[in-house]
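Visitor: Structure file entry.txt (compact mmCIF, C-alpha atoms and all ligand atoms) is given on the next line.
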# COMPACT_ATOMS: atom_id res chain seq x y z
CA MET A 1 -37.93 -87.55 109.03
CA HIS A 2 -40.20 -86.75 106.10
CA VAL A 3 -39.27 -88.56 102.89
CA SER A 4 -39.90 -86.76 99.60
CA PRO A 5 -40.14 -89.16 96.72
CA PRO A 6 -38.14 -88.10 93.65
CA GLU A 7 -39.93 -86.96 90.51
CA LEU A 8 -38.54 -88.99 87.63
CA ILE A 9 -39.81 -86.66 84.93
CA PRO A 10 -39.96 -82.87 85.15
CA LYS A 11 -42.97 -81.38 86.89
CA SER A 12 -42.45 -77.97 85.28
CA PRO A 13 -40.77 -76.80 82.07
CA VAL A 14 -37.07 -77.48 81.69
CA LEU A 15 -34.71 -75.56 79.47
CA GLY A 16 -34.52 -77.70 76.37
CA SER A 17 -35.42 -78.02 72.75
CA LEU A 18 -38.16 -75.39 72.47
CA PHE A 19 -36.13 -72.62 73.94
CA LEU A 20 -34.84 -69.87 71.60
CA HIS A 21 -37.14 -70.94 68.80
CA ARG A 22 -39.06 -67.70 68.69
CA ASN A 23 -39.32 -65.80 65.44
CA ALA A 24 -41.03 -62.56 64.44
CA THR A 25 -44.38 -64.15 63.60
CA ASP A 26 -44.47 -66.29 66.70
CA ALA A 27 -47.19 -64.91 68.97
CA TYR A 28 -50.27 -66.11 70.83
CA PRO A 29 -52.57 -64.04 73.07
CA SER A 30 -50.97 -63.82 76.50
CA LEU A 31 -50.24 -61.62 79.49
CA LEU A 32 -47.44 -60.11 77.40
CA ASP A 33 -50.11 -58.28 75.35
CA ALA A 34 -50.93 -55.91 78.23
CA PRO A 35 -49.55 -52.40 77.71
CA GLN A 36 -48.54 -52.09 81.38
CA GLN A 37 -46.08 -54.66 82.70
CA GLN A 38 -44.01 -55.13 85.81
CA SER A 39 -41.85 -58.18 86.44
CA HIS A 40 -41.74 -59.91 89.83
CA ARG A 41 -40.11 -62.98 91.25
CA ARG A 42 -43.40 -64.80 91.77
CA GLY A 43 -47.12 -64.34 91.12
CA SER A 44 -47.85 -64.11 94.86
CA LEU A 45 -45.36 -61.25 95.19
CA ALA A 46 -47.05 -59.44 92.29
CA LEU A 47 -50.37 -59.93 94.10
CA ALA A 48 -48.99 -58.41 97.30
CA MET A 49 -47.49 -55.52 95.33
CA VAL A 50 -50.80 -54.47 93.83
CA LEU A 51 -52.71 -54.93 97.11
CA ARG A 52 -50.14 -52.74 98.87
CA HIS A 53 -50.76 -49.90 96.47
CA LEU A 54 -54.56 -49.90 96.47
CA HIS A 55 -54.71 -47.75 99.64
CA LEU A 56 -56.94 -50.18 101.51
CA ASN A 57 -57.65 -50.41 105.26
CA PRO A 58 -57.43 -53.53 107.49
CA GLU A 59 -61.20 -53.92 107.62
CA ASP A 60 -61.36 -53.95 103.83
CA GLU A 61 -62.29 -57.34 102.45
CA ILE A 62 -60.60 -59.26 99.68
CA LEU A 63 -62.81 -61.89 98.07
CA LEU A 64 -60.89 -65.10 97.46
CA PRO A 65 -62.06 -68.52 96.24
CA ALA A 66 -62.51 -71.20 98.88
CA TYR A 67 -60.46 -73.38 96.52
CA HIS A 68 -57.03 -71.79 96.76
CA CYS A 69 -53.41 -72.31 97.66
CA THR A 70 -51.74 -70.53 100.55
CA ALA A 71 -49.66 -68.49 98.08
CA MET A 72 -52.92 -66.67 97.22
CA VAL A 73 -53.87 -65.92 100.82
CA LEU A 74 -50.48 -64.90 102.22
CA PRO A 75 -50.29 -61.68 100.14
CA VAL A 76 -53.68 -60.63 101.58
CA ILE A 77 -52.59 -61.37 105.15
CA SER A 78 -49.21 -59.69 104.61
CA CYS A 79 -51.04 -56.48 103.68
CA GLN A 80 -53.17 -56.83 106.85
CA LEU A 81 -56.37 -57.11 104.84
CA THR A 82 -59.30 -59.39 105.54
CA PRO A 83 -59.81 -62.47 103.32
CA VAL A 84 -63.42 -63.48 102.66
CA PHE A 85 -63.83 -66.81 100.91
CA TYR A 86 -66.48 -67.48 98.28
CA ARG A 87 -67.79 -70.65 96.67
CA ILE A 88 -66.95 -72.10 93.30
CA GLN A 89 -69.14 -74.30 91.11
CA SER A 90 -68.20 -77.84 90.14
CA ASN A 91 -66.75 -76.58 86.83
CA THR A 92 -64.53 -74.22 88.93
CA GLN A 93 -66.43 -71.12 87.77
CA VAL A 94 -66.96 -68.45 90.41
CA ASP A 95 -70.35 -68.95 92.08
CA LEU A 96 -71.75 -65.46 91.49
CA GLU A 97 -74.83 -65.99 93.67
CA ASP A 98 -72.70 -66.95 96.63
CA LEU A 99 -70.28 -64.12 95.90
CA GLU A 100 -73.09 -61.59 95.90
CA GLN A 101 -74.30 -62.79 99.30
CA ARG A 102 -70.86 -62.25 100.77
CA LEU A 103 -70.58 -58.62 99.69
CA THR A 104 -70.47 -55.99 102.44
CA SER A 105 -69.65 -52.30 102.47
CA HIS A 106 -66.01 -53.36 103.06
CA SER A 107 -65.72 -55.57 99.98
CA LYS A 108 -63.02 -54.04 97.81
CA VAL A 109 -61.24 -56.60 95.60
CA LEU A 110 -62.26 -59.78 93.80
CA ILE A 111 -59.45 -62.26 93.16
CA ALA A 112 -60.59 -64.88 90.64
CA PRO A 113 -58.20 -67.46 89.17
CA HIS A 114 -58.53 -69.19 85.82
CA PHE A 115 -58.09 -72.54 87.58
CA PHE A 116 -55.67 -74.85 85.75
CA GLY A 117 -55.78 -72.53 82.71
CA PHE A 118 -59.53 -72.97 82.09
CA HIS A 119 -61.11 -69.55 81.89
CA GLN A 120 -63.60 -67.88 84.13
CA ALA A 121 -66.39 -65.99 82.36
CA ALA A 122 -64.15 -62.94 82.59
CA ALA A 123 -66.48 -60.45 80.88
CA ARG A 124 -69.24 -61.39 83.36
CA LEU A 125 -66.86 -60.97 86.28
CA ARG A 126 -65.86 -57.57 84.88
CA ALA A 127 -69.53 -56.53 84.75
CA PHE A 128 -70.11 -57.87 88.28
CA CYS A 129 -67.15 -55.90 89.63
CA ASP A 130 -68.30 -52.73 87.85
CA ALA A 131 -71.81 -53.13 89.27
CA HIS A 132 -70.47 -53.59 92.82
CA ARG A 133 -67.54 -51.17 92.63
CA LEU A 134 -64.97 -53.90 93.15
CA ILE A 135 -61.43 -54.02 91.81
CA TYR A 136 -61.10 -57.15 89.66
CA LEU A 137 -57.80 -58.91 90.12
CA GLU A 138 -57.56 -61.54 87.39
CA ASP A 139 -55.39 -64.34 88.73
CA CYS A 140 -53.65 -65.78 85.67
CA ALA A 141 -51.11 -67.84 87.62
CA HIS A 142 -52.44 -70.92 85.76
CA ALA A 143 -53.15 -69.10 82.49
CA PHE A 144 -50.22 -67.18 81.07
CA PHE A 145 -51.55 -67.78 77.55
CA GLY A 146 -55.05 -67.85 76.15
CA TYR A 147 -58.02 -65.75 75.23
CA CYS A 148 -61.53 -65.50 76.57
CA ASP A 149 -64.53 -63.42 75.56
CA GLU A 150 -62.56 -62.39 72.47
CA GLN A 151 -59.77 -60.78 74.45
CA PRO A 152 -56.33 -61.89 75.58
CA ILE A 153 -56.07 -63.33 79.04
CA GLY A 154 -55.64 -60.56 81.62
CA PHE A 155 -57.68 -58.04 79.60
CA HIS A 156 -60.79 -57.97 81.77
CA GLY A 157 -59.16 -57.47 85.16
CA ASP A 158 -58.15 -54.11 86.54
CA TYR A 159 -54.91 -55.95 87.14
CA ALA A 160 -53.71 -59.44 86.32
CA ILE A 161 -50.95 -61.49 87.86
CA GLY A 162 -49.03 -64.28 86.19
CA SER A 163 -46.66 -67.01 87.24
CA ASN A 164 -44.09 -67.19 84.45
CA TRP A 165 -42.23 -70.09 86.04
CA LYS A 166 -45.22 -72.38 85.48
CA PHE A 167 -45.06 -71.81 81.70
CA PHE A 168 -41.42 -71.07 80.91
CA PRO A 169 -38.23 -72.97 81.72
CA ILE A 170 -37.23 -70.83 84.72
CA ASN A 171 -37.24 -71.60 88.41
CA GLU A 172 -38.89 -68.36 89.45
CA GLY A 173 -40.64 -65.49 87.74
CA GLY A 174 -43.96 -63.70 87.97
CA CYS A 175 -45.61 -60.63 86.54
CA LEU A 176 -48.15 -57.93 87.23
CA VAL A 177 -49.88 -56.51 84.15
CA SER A 178 -52.75 -54.18 83.34
CA HIS A 179 -54.76 -53.08 80.31
CA ARG A 180 -56.48 -50.39 82.39
CA HIS A 181 -54.18 -48.73 84.92
CA PRO A 182 -50.62 -47.43 84.91
CA LEU A 183 -48.08 -49.60 86.74
CA ASP A 184 -45.20 -47.66 88.14
CA TYR A 185 -44.76 -49.14 91.60
CA PRO A 186 -41.21 -48.77 92.86
CA THR A 187 -39.15 -51.95 92.54
CA GLN A 188 -35.52 -52.85 92.99
CA SER A 189 -33.61 -54.89 90.48
CA ALA A 190 -32.20 -58.33 91.25
CA SER A 191 -28.62 -58.44 92.56
CA PRO A 192 -25.91 -60.13 90.44
CA VAL A 193 -25.91 -63.04 92.92
CA THR A 194 -29.68 -63.50 92.50
CA GLU A 195 -29.26 -63.36 88.71
CA LEU A 196 -26.52 -65.97 88.83
CA LYS A 197 -28.53 -68.26 91.11
CA ALA A 198 -31.59 -67.99 88.87
CA PHE A 199 -29.48 -68.95 85.87
CA VAL A 200 -27.71 -71.83 87.60
CA ASN A 201 -30.94 -73.18 89.15
CA THR A 202 -32.56 -73.30 85.72
CA LEU A 203 -29.55 -75.05 84.30
CA GLU A 204 -29.34 -77.53 87.11
CA TYR A 205 -33.00 -78.46 86.79
CA SER A 206 -32.51 -79.06 83.07
CA LEU A 207 -29.38 -81.15 83.54
CA GLN A 208 -31.14 -83.19 86.23
CA TYR A 209 -33.62 -84.25 83.56
CA GLN A 210 -30.95 -84.95 80.97
CA ARG A 211 -31.48 -81.80 78.90
CA LEU A 212 -28.61 -79.68 77.56
CA ARG A 213 -26.25 -82.60 78.16
CA SER A 214 -23.56 -81.13 75.95
CA LEU A 215 -23.34 -78.21 78.38
CA ARG A 216 -22.81 -80.37 81.46
CA GLY A 217 -19.02 -80.06 81.34
CA ILE A 218 -19.01 -76.35 80.56
CA PHE A 219 -21.24 -75.47 83.48
CA SER A 220 -19.81 -77.79 86.10
CA TRP A 221 -18.15 -74.72 87.71
CA ALA A 222 -21.51 -73.01 88.06
CA MET A 223 -23.07 -76.09 89.67
CA ARG A 224 -20.23 -76.30 92.19
CA LEU A 225 -20.69 -72.62 93.04
CA ARG A 226 -24.40 -73.05 93.51
CA ASN A 227 -24.03 -76.17 95.62
CA ARG A 228 -21.72 -74.30 97.95
CA THR A 229 -24.37 -71.61 98.59
CA GLN A 230 -27.41 -73.87 98.50
CA PRO A 231 -26.93 -77.61 99.09
CA VAL A 232 -28.94 -79.87 96.80
CA GLN A 233 -31.59 -82.04 98.49
CA SER A 234 -31.12 -85.56 97.34
CA SER A 235 -33.56 -88.39 97.73
CA SER A 236 -33.39 -91.90 96.44
CA LEU A 237 -36.12 -93.71 94.55
CA ALA A 238 -38.28 -95.66 96.95
CA SER A 239 -40.93 -97.49 95.00
CA VAL A 240 -42.87 -98.47 98.12
CA PRO A 241 -44.11 -95.66 100.36
CA PRO A 242 -42.88 -95.96 103.96
CA GLU A 243 -45.53 -97.05 106.48
CA GLY A 244 -47.82 -94.15 107.42
CA TRP A 245 -46.35 -91.73 104.88
CA GLU A 246 -48.36 -88.52 104.64
CA PRO A 247 -47.73 -85.51 102.41
CA VAL A 248 -46.58 -82.31 104.09
CA ALA A 249 -47.27 -78.76 102.93
CA THR A 250 -44.47 -77.31 100.80
CA ASP A 251 -43.09 -73.81 101.13
CA PRO A 252 -45.35 -71.50 99.08
CA GLY A 253 -42.30 -69.35 98.28
CA PHE A 254 -43.84 -66.08 99.46
CA GLN A 255 -41.24 -63.89 101.18
CA VAL A 256 -42.67 -60.58 102.27
CA ASN A 257 -39.28 -58.83 102.00
CA GLU A 258 -39.23 -59.68 98.27
CA VAL A 259 -42.49 -57.95 97.35
CA ASN A 260 -40.68 -55.01 95.77
CA HIS A 261 -38.02 -57.16 94.07
CA ARG A 262 -38.14 -57.18 90.31
CA GLY A 263 -37.88 -60.54 88.53
CA THR A 264 -34.46 -61.44 87.20
CA ARG A 265 -33.30 -60.34 83.77
CA TRP A 266 -32.67 -64.01 83.11
CA ALA A 267 -36.36 -64.86 83.67
CA SER A 268 -37.50 -61.95 81.47
CA TRP A 269 -35.11 -62.96 78.72
CA VAL A 270 -36.25 -66.59 78.71
CA THR A 271 -39.89 -65.43 78.72
CA GLN A 272 -39.23 -63.20 75.70
CA GLN A 273 -37.19 -65.74 73.76
CA SER A 274 -39.36 -68.85 74.16
CA SER A 275 -41.55 -69.90 71.29
CA GLN A 276 -45.12 -69.03 72.21
CA THR A 277 -46.79 -71.09 69.51
CA MET A 278 -44.74 -74.15 70.45
CA ILE A 279 -45.59 -73.80 74.14
CA VAL A 280 -49.28 -73.44 73.33
CA THR A 281 -49.38 -76.24 70.75
CA LYS A 282 -47.46 -78.74 72.86
CA ARG A 283 -49.45 -78.07 76.03
CA ARG A 284 -52.73 -78.52 74.22
CA GLN A 285 -51.48 -81.67 72.48
CA ASN A 286 -50.21 -83.18 75.73
CA TYR A 287 -53.48 -82.36 77.47
CA LEU A 288 -55.44 -84.18 74.77
CA ILE A 289 -53.13 -87.20 74.98
CA LEU A 290 -53.72 -87.39 78.74
CA LEU A 291 -57.44 -86.88 78.25
CA ARG A 292 -57.62 -89.79 75.81
CA ALA A 293 -55.52 -92.04 78.07
CA SER A 294 -57.65 -91.19 81.12
CA GLN A 295 -60.70 -92.76 79.45
CA GLN A 296 -59.10 -96.15 80.22
CA TRP A 297 -58.32 -95.35 83.86
CA PRO A 298 -60.73 -96.70 86.51
CA GLY A 299 -61.79 -94.72 89.58
CA CYS A 300 -61.27 -91.23 88.21
CA ARG A 301 -62.53 -88.67 85.70
CA PRO A 302 -61.06 -85.54 84.16
CA LEU A 303 -62.24 -82.26 85.67
CA HIS A 304 -62.44 -80.83 82.14
CA PRO A 305 -63.38 -83.46 79.53
CA ASP A 306 -63.10 -80.82 76.77
CA LEU A 307 -60.33 -78.45 75.81
CA PRO A 308 -62.03 -75.28 74.53
CA GLU A 309 -60.43 -72.95 71.98
CA GLY A 310 -58.23 -70.37 73.60
CA VAL A 311 -57.39 -72.49 76.65
CA VAL A 312 -53.72 -73.26 77.25
CA PRO A 313 -53.72 -75.65 80.21
CA HIS A 314 -51.35 -75.41 83.11
CA VAL A 315 -51.88 -79.07 84.09
CA PHE A 316 -54.20 -82.02 83.56
CA PRO A 317 -56.59 -82.13 86.58
CA LEU A 318 -58.05 -85.52 87.41
CA ILE A 319 -60.79 -86.13 89.99
CA MET A 320 -60.05 -89.30 91.96
CA ASP A 321 -62.78 -91.43 93.55
CA ASN A 322 -60.41 -92.63 96.23
CA PRO A 323 -57.37 -90.36 96.39
CA ARG A 324 -55.82 -91.85 99.53
CA GLN A 325 -55.62 -95.27 97.94
CA TYR A 326 -53.37 -94.08 95.12
CA PHE A 327 -51.60 -90.88 96.09
CA ALA A 328 -48.57 -92.33 97.90
CA ARG A 329 -48.10 -95.13 95.37
CA LEU A 330 -48.17 -92.71 92.44
CA LYS A 331 -45.76 -90.36 94.19
CA PHE A 332 -43.32 -93.12 95.09
CA SER A 333 -43.35 -94.45 91.57
CA GLY A 334 -41.79 -91.12 90.56
CA VAL A 335 -44.84 -89.54 88.90
CA PRO A 336 -44.93 -85.78 89.56
CA ILE A 337 -48.28 -84.75 91.01
CA ILE A 338 -49.24 -81.16 91.64
CA ARG A 339 -51.84 -80.67 94.37
CA PHE A 340 -53.21 -77.14 94.03
CA GLY A 341 -55.41 -76.43 97.07
CA GLU A 342 -54.38 -79.58 98.93
CA PHE A 343 -53.89 -77.54 102.11
CA LEU A 344 -56.58 -74.90 102.49
CA TRP A 345 -56.18 -71.81 104.65
CA GLU A 346 -56.63 -72.85 108.28
CA GLY A 347 -58.55 -69.68 109.09
CA MET A 348 -61.29 -70.57 106.60
CA ASP A 349 -64.42 -72.33 107.84
CA PRO A 350 -64.16 -75.81 106.22
CA LEU A 351 -67.90 -75.66 105.49
CA THR A 352 -67.54 -72.52 103.34
CA CYS A 353 -67.66 -74.47 100.09
CA PRO A 354 -68.26 -78.24 99.94
CA ILE A 355 -66.99 -78.36 96.34
CA SER A 356 -63.69 -76.74 97.29
CA ALA A 357 -63.27 -79.08 100.27
CA ASP A 358 -63.94 -82.03 97.98
CA TYR A 359 -61.60 -80.85 95.21
CA SER A 360 -58.87 -80.09 97.71
CA ARG A 361 -58.92 -83.76 98.67
CA ARG A 362 -59.70 -85.39 95.35
CA ILE A 363 -58.09 -83.51 92.46
CA PHE A 364 -54.62 -84.59 91.37
CA GLN A 365 -52.91 -82.60 88.64
CA PHE A 366 -50.43 -84.10 86.25
CA PRO A 367 -48.00 -82.09 84.13
CA CYS A 368 -48.76 -81.43 80.47
CA HIS A 369 -46.05 -78.83 79.87
CA GLN A 370 -44.32 -78.29 76.57
CA GLU A 371 -41.01 -79.85 77.51
CA LEU A 372 -42.30 -83.32 78.38
CA SER A 373 -40.81 -85.66 75.82
CA SER A 374 -43.13 -88.24 74.28
CA ARG A 375 -41.17 -90.93 76.16
CA GLU A 376 -41.76 -89.14 79.45
CA LEU A 377 -45.42 -88.62 78.72
CA GLN A 378 -45.89 -92.26 77.74
CA TRP A 379 -44.06 -93.46 80.83
CA MET A 380 -46.30 -91.30 83.02
CA ILE A 381 -49.44 -92.60 81.31
CA THR A 382 -48.30 -96.23 81.61
CA THR A 383 -47.37 -95.81 85.27
CA ILE A 384 -50.65 -94.10 86.21
CA SER A 385 -52.59 -96.78 84.34
CA HIS A 386 -50.60 -99.57 86.03
CA ILE A 387 -51.33 -98.16 89.50
CA LEU A 388 -54.97 -97.27 88.94
CA HIS A 389 -55.60 -100.79 87.66
CA ASP A 390 -54.25 -102.03 91.03
CA ASN A 391 -51.46 -103.97 89.37
CA PRO A 392 -49.50 -105.31 92.37
CA ALA A 393 -46.13 -105.32 90.56
CA THR A 394 -43.85 -102.35 91.08
CA PRO A 395 -44.07 -100.15 87.97
CA ALA A 396 -40.87 -99.77 85.98
CA PRO A 397 -39.05 -96.54 86.84
CA PHE A 398 -38.24 -94.04 84.12
CA GLY A 399 -34.61 -94.75 83.36
CA ILE A 400 -33.05 -91.36 83.72
CA TYR A 401 -30.98 -91.79 86.82
CA PRO A 402 -27.57 -93.42 86.38
C1 LIG A 501 -54.10 -69.73 91.43
C2 LIG A 501 -52.77 -69.27 91.93
N1 LIG A 501 -52.58 -67.95 92.13
C3 LIG A 501 -51.40 -67.46 92.55
C4 LIG A 501 -50.33 -68.30 92.84
C5 LIG A 501 -49.02 -67.74 93.27
O1 LIG A 501 -48.09 -67.87 92.23
P1 LIG A 501 -46.54 -68.07 92.51
O2 LIG A 501 -46.32 -69.50 92.80
O3 LIG A 501 -45.87 -67.62 91.23
O4 LIG A 501 -46.21 -67.19 93.67
C6 LIG A 501 -50.48 -69.67 92.67
C7 LIG A 501 -49.37 -70.59 92.97
O5 LIG A 501 -49.30 -71.70 92.58
C8 LIG A 501 -51.72 -70.17 92.22
O6 LIG A 501 -51.91 -71.49 92.04
Take the structure I supplied and represent it as structure tokens, if you would.
Ligand SMILES: Cc1ncc(COP(=O)(O)O)c(C=O)c1O
Guide:
Amino acid sequence: MHVSPPELIPKSPVLGSLFLHRNATDAYPSLLDAPQQQSHRRGSLALAMVLRHLHLNPEDEILLPAYHCTAMVLPVISCQLTPVFYRIQSNTQVDLEDLEQRLTSHSKVLIAPHFFGFHQAAARLRAFCDAHRLIYLEDCAHAFFGYCDEQPIGFHGDYAIGSNWKFFPINEGGCLVSHRHPLDYPTQSASPVTELKAFVNTLEYSLQYQRLRSLRGIFSWAMRLRNRTQPVQSSSLASVPPEGWEPVATDPGFQVNEVNHRGTRWASWVTQQSSQTMIVTKRRQNYLILLRASQQWPGCRPLHPDLPEGVVPHVFPLIMDNPRQYFARLKFSGVPIIRFGEFLWEGMDPLTCPISADYSRRIFQFPCHQELSSRELQWMITTISHILHDNPATPAPFGIYP
């Protein structure tokens, strides 16, 4: 049986202190600035929605980065289109020379993500797409907030997709936006049961990490209801990885029958009510704290040693010299690690892009989201440092479980 180590601090935002702090002057450039908006349950579903409505044929080619997660490829496959993978550079910018060589008369769409929240040269990509008659799909799954080339994120693409759940305290939520084209694709609204589950899941995640404690009693009925429909996976803290433990791919959450499902009203409400300036400020602060701490860590280096203006990071990506030596130990100490691109699309030639193959293996991402408390952040830093310094003692667990 596969053992999943527990995450002792939250990997993604939890409903807590920053929620409902928004006031009239509270705004930062974001996907919400686009005049055309459609809510979805996930970014991948928004991607499939737009691909479905572009009137493409199966031989039409969708240009995707060789550094990707399966949630980016599944929408292309589900629309029976042909993925063509292109190279990235070591700073995760699209390799335009390589991209140009891969163009054929069937090339129709360029999907380019702002990896980890760090922007592509979006105005250049816009010009490239105009010159080659491509539709530019700006993948903002890692960049809900930010600005580049003097415009809000999502401005340069014909369409942009976002992954609200990575930036707001909700368990699911995505969006499709556009500054250039109308969006009136038919969607169906979430059922009352889906709404209730979305609400209860958010609450449960927050309570698991000791937020909203005063509400625990009030919502115990909702937790019981949810547990009846969807049993909670429990796992105990094992500080030593079992012999031969290997990570397994997680469910990318892409359900083709949900492509036309609108996001829940709960997710939209939380997105609207959350304080944008606090999210942005805290994420940038946490990133810089991790950046400073990482200078003392042996055997690794940050992918982005600077945090440019206008970047609101999704995570803190760290390039490991020897990932296999530390991955299991970090995981089993309870540190949440996100591994974007850990499992690349099997249909892609592994030699397509040596940088992507290398990053898939060597980049670990640590959370820097706005709801990490300073205690949680410090514990994570201490634990990572302890393990990377090859300290043989078991690191102290974060004391949140009774
Ligand atoms: C770059 C990128 N694009 C798109 C997606 C799909 O987003 P979602 O998880 O909201 O379906 C992901 C998922 O993590 C992603 O990393």
Visitor: Can you pull out the residues contacting Leu291 (chain A)? Cut-off 8 Å, using all atoms listed in the file, and skip same-chain residues under 5 positions away; I want them as a list in words.
Guide: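 Selected residues are Pro302, Pro305 and Phe316 of chain A.
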Visitor: Have a look at CA of Leu45 (chain A) and CA of Val259 (chain A) and let me know their distance in Å, one decimal.
Guide: 4.9 Å
Visitor: Using only C-alpha atoms and all ligand atoms, which residues have at least one atom no more than 8 Å from ligand LIG 501 (chain A)? Output them as a PyMOL selection string.
Guide: chain A and resi 41-47+68-72+113-116+139-142+161-166+172-174+252-254+340-341
Visitor: Mind giving me the straight-line distance from CA of Leu103 (chain A) to CA of Ser78 (chain A) in Å, one decimal?
Guide: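 So the answer is 22.0 Å.
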Visitor: CA of Ile170 (chain A) and CA of Ser191 (chain A), how far apart in Å?
Guide: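 One can read the CA of Ser191 (chain A) to CA of Ile170 (chain A) distance as 17.0 Å.
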Visitor: Within 9 Å of (-52.6, -75.6, 80.3), in the coordinates the file gives, what residues turn up when you count only C-alpha atoms, written out as a list in words?
Guide: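 Every residue inside that radius is included here: Phe116, Gly117, Phe118, His142, Ala143, Phe144, Phe145, Phe167, Val280, Arg283, Arg284, Tyr287, Val311, Val312, Pro313, His314, Val315, Phe316, Pro367, Cys368 and His369 of chain A.
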Visitor: Write out as a PyMOL selection string which residues come within 10 Å of Met348 (chain A) when counting only C-alpha atoms, dropping same-chain ones fewer than 2 positions away.
Guide: chain A and resi 66+83-85+344-346+350-353
Visitor: Within 7 Å of region 26-35 of chain A, which residues of region 104-165 of chain A show up? Give each one with its shortest atom-to-atom distance in Å (one decimal) and the two atoms involved, counting all atoms listed in the file, rows by chain then rising residue number, as CSV.
Guide:
residue,atom,partner,partner_atom,distance
A:Phe144,CA,A:Ser30,CA,5.7
A:Phe145,CA,A:Ser30,CA,4.1
A:Gly146,CA,A:Pro29,CA,5.5
A:Tyr147,CA,A:Pro29,CA,6.1
A:Pro152,CA,A:Pro29,CA,5.0
A:Ile153,CA,A:Ser30,CA,5.7
A:Gly154,CA,A:Leu31,CA,5.9
Visitor: May I ask which of the residues A:Asp251, A:Glu371, A:Asp349, A:Glu243 is the closest one to Ile279 (chain A), counting all atoms listed in the file?
Guide: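 Checking each candidate against Ile279 (chain A), we get A:Glu371 as the closest.
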Visitor: Excluding Leu212 (chain A) and any residue of its chain fewer than 5 positions from it, enumerate the residues within 10 Å of it, using all atoms listed in the file, and give them as a PDB file with C-alpha atoms, in the coordinates of the input.
Guide:
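Once everything was written out, this is selection.pdb:
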ATOM      1  CA  VAL A  14     -37.070 -77.480  81.690  1.00  0.00           C
ATOM      2  CA  LEU A  15     -34.710 -75.560  79.470  1.00  0.00           C
ATOM      3  CA  GLY A  16     -34.520 -77.700  76.370  1.00  0.00           C
ATOM      4  CA  SER A  17     -35.420 -78.020  72.750  1.00  0.00           C
ATOM      5  CA  LEU A 203     -29.550 -75.050  84.300  1.00  0.00           C
ATOM      6  CA  GLU A 204     -29.340 -77.530  87.110  1.00  0.00           C
ATOM      7  CA  SER A 206     -32.510 -79.060  83.070  1.00  0.00           C
ATOM      8  CA  LEU A 207     -29.380 -81.150  83.540  1.00  0.00           C
TER       9      LEU A 207
END
Visitor: Could you tell me which of A:Gly334, A:Pro308, A:Pro65, A:Pro186 comes closest to Ala112 (chain A) if we count all atoms listed in the file?
Guide: A:Pro65
Visitor: For Leu56 (chain A), which residue out of A:Leu8, A:Leu377, A:Ala293, A:Ile135 is the nearest one, using all atoms listed in the file?
Guide: A:Ile135
Visitor: Go through A:Leu196, A:Leu290, A:Val76, A:Met320 one by one, measure the shortest atom-to-atom distance of each to Met380 (chain A) using all atoms listed in the file, and give the residue with the smallest value.
Guide: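 Using all atoms listed in the file, Met380 (chain A) sits closest to A:Leu290.
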Visitor: Residues within 10 Å of Gly399 (chain A), please, as a compact mmCIF listing (two decimals) with C-alpha atoms, keeping the file's coordinate frame. Count all atoms listed in the file; anything in the same chain fewer than 3 positions from it doesn't count.
Guide:
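Printed below is selection.txt as written:
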# COMPACT_ATOMS: atom_id res chain seq x y z
CA LEU A 8 -38.54 -88.99 87.63
CA ILE A 9 -39.81 -86.66 84.93
CA GLU A 376 -41.76 -89.14 79.45
CA TRP A 379 -44.06 -93.46 80.83
CA ALA A 396 -40.87 -99.77 85.98
CA PRO A 402 -27.57 -93.42 86.38
Visitor: Point out the residue among A:Val177, A:Tyr136, A:Gln276, A:Asn391 with the least atom-to-atom distance to Asn23 (chain A), counting all atoms listed in the file.
Guide: A:Gln276
Visitor: Please determine, counting all atoms listed in the file, which residue among A:Pro395, A:Gly299, A:Pro336, A:Pro317 has the shortest atom-to-atom distance to Phe364 (chain A).
Guide: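 For Phe364 (chain A), the nearest of the given residues is A:Pro317.
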Visitor: List as a VMD selection string the protein and nucleic acid residues near Cys300 (chain A), meaning an atom at most 7 Å away when only C-alpha atoms are counted, but skip any in the same chain fewer than 4 places from it.
Guide: chain A and resid 318 to 321
